[in-house]
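Structure record follows, encoded as structure tokens.
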Amino acid sequence: MKIRVGFGYDVHQLREGLPFWLGGIQVPHTHGALGHSDADVLIHVICDALLGAANLRDIGFHFPDTDPQYKGIDSKRLLSEVMRLLRAKGYAVSNIDSTICLEAPKVNPHIAEMQRVLAEVMDIPADDISIKATTTEKLGFVGRREGVAAYATVLITQA
């Protein structure tokens with residue numbers, strides 16, 4: 001069995017009045033992430049980590065922000081396509097470990113729902129998706145509440 005690891009990192013600005021999509025759900029907040037798609041930073045890092053692990057380039061290669069068909073797209077659709085690409089190469093997801101860096105709103109109350117939604121989109125057990133959240137102790141752009149960052153590491157296998 002072949003085992004591969006992938007890593008993803010993404011950042012989005014936060015802007016007042018935008019919907020805040022995170023982990024496939026809309027989180028109530030006064031600010032949302034700015035991006036070409038729905039700017040779901042957690043899904044984007046998971047996509048990048050999965051694509052990288054399978055040596056399939058990155059999210060920008062497959063879904064460029066210069067392509068109007070991806071304007072405002074639900075990132076769950078991107079994740080679904082990434083899973084199709086992964087499975088076409090014979091890979092399966094073993095587990096995902098992710099961290100969201102955000103001062104506000106609190107992410108912890110939404111983690112179980114994010115896991116459920118992501119598991120459904122990816123057709124894997126929710127228990128295989130770890131989502132953690134942290135602040136940056138008021139340091140940097142995250143600490144100033146100007147943006148959100150996320151990291152993900154994935155393990156994929158190929159029989």
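In the structure tokens, each chain is lettered A, B, ... as it comes, each chain's residues begin at 1, and ligands are numbered from 1 in order of appearance.
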For Ala150 (chain A): contacts at 10 Å, only C-alpha atoms, fewer than 3 positions along chain excluded, given as a count of residues only: 20
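Each of A:Asn55, A:Gln13, A:Ser37, A:Thr30 was compared to Ile156 (chain A) using only C-alpha atoms, and A:Asn55 turns out to be the nearest.
Closest approach to Lys89 (chain A) among A:Ile25, A:Leu50, A:Met122, A:Val154 is made by A:Leu50 (distances from only C-alpha atoms).
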Test item: residues at most 10 Å from Thr157 (chain A), only C-alpha atoms, excluding those fewer than 4 positions along its chain, as a PyMOL selection string: chain A and resi 1-5+53-54+90-95
Could you write out that same residue set with N, CA and C atoms as a CSV table (one decimal), in the first residue's frame?
chain,number,residue,atom,x,y,z
A,1,MET,N,0.8,-1.2,0.0
A,1,MET,CA,0.0,0.0,0.0
A,1,MET,C,0.9,1.2,0.0
A,2,LYS,N,0.5,2.2,-0.8
A,2,LYS,CA,1.2,3.5,-0.9
A,2,LYS,C,0.5,4.5,0.0
A,3,ILE,N,1.3,5.2,0.8
A,3,ILE,CA,0.8,6.2,1.7
A,3,ILE,C,1.4,7.5,1.4
A,4,ARG,N,0.6,8.6,1.3
A,4,ARG,CA,1.1,9.9,1.0
A,4,ARG,C,0.5,11.0,1.9
A,5,VAL,N,1.3,12.0,2.1
A,5,VAL,CA,0.9,13.1,3.0
A,5,VAL,C,0.8,14.4,2.2
A,53,ALA,N,-1.0,15.9,-2.0
A,53,ALA,CA,-0.7,14.6,-1.6
A,53,ALA,C,-0.7,13.6,-2.8
A,54,ALA,N,-1.7,13.9,-3.7
A,54,ALA,CA,-1.8,13.0,-4.9
A,54,ALA,C,-1.0,13.5,-6.1
A,90,GLY,N,-6.9,6.4,-7.8
A,90,GLY,CA,-6.9,5.3,-7.0
A,90,GLY,C,-6.6,5.6,-5.5
A,91,TYR,N,-6.7,6.8,-5.1
A,91,TYR,CA,-6.5,7.2,-3.7
A,91,TYR,C,-7.7,7.3,-2.9
A,92,ALA,N,-7.5,7.0,-1.6
A,92,ALA,CA,-8.6,7.1,-0.6
A,92,ALA,C,-8.1,8.0,0.6
A,93,VAL,N,-8.9,8.7,1.2
A,93,VAL,CA,-8.5,9.6,2.3
A,93,VAL,C,-8.5,8.7,3.6
A,94,SER,N,-7.4,8.8,4.3
A,94,SER,CA,-7.2,8.1,5.5
A,94,SER,C,-7.7,9.0,6.7
A,95,ASN,N,-7.1,10.2,6.7
A,95,ASN,CA,-7.6,11.2,7.7
A,95,ASN,C,-7.1,12.6,7.3
Members of region 19-131 of chain A assigned alpha helix (DSSP H) by DSSP, as a VMD selection string: chain A and resid 41 to 53 59 to 62 75 to 88 111 to 122
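Distance check against Arg116 (chain A) using only C-alpha atoms: of A:Ala49, A:Glu103, A:Ser130, A:Asp67, the minimum falls on A:Ser130.
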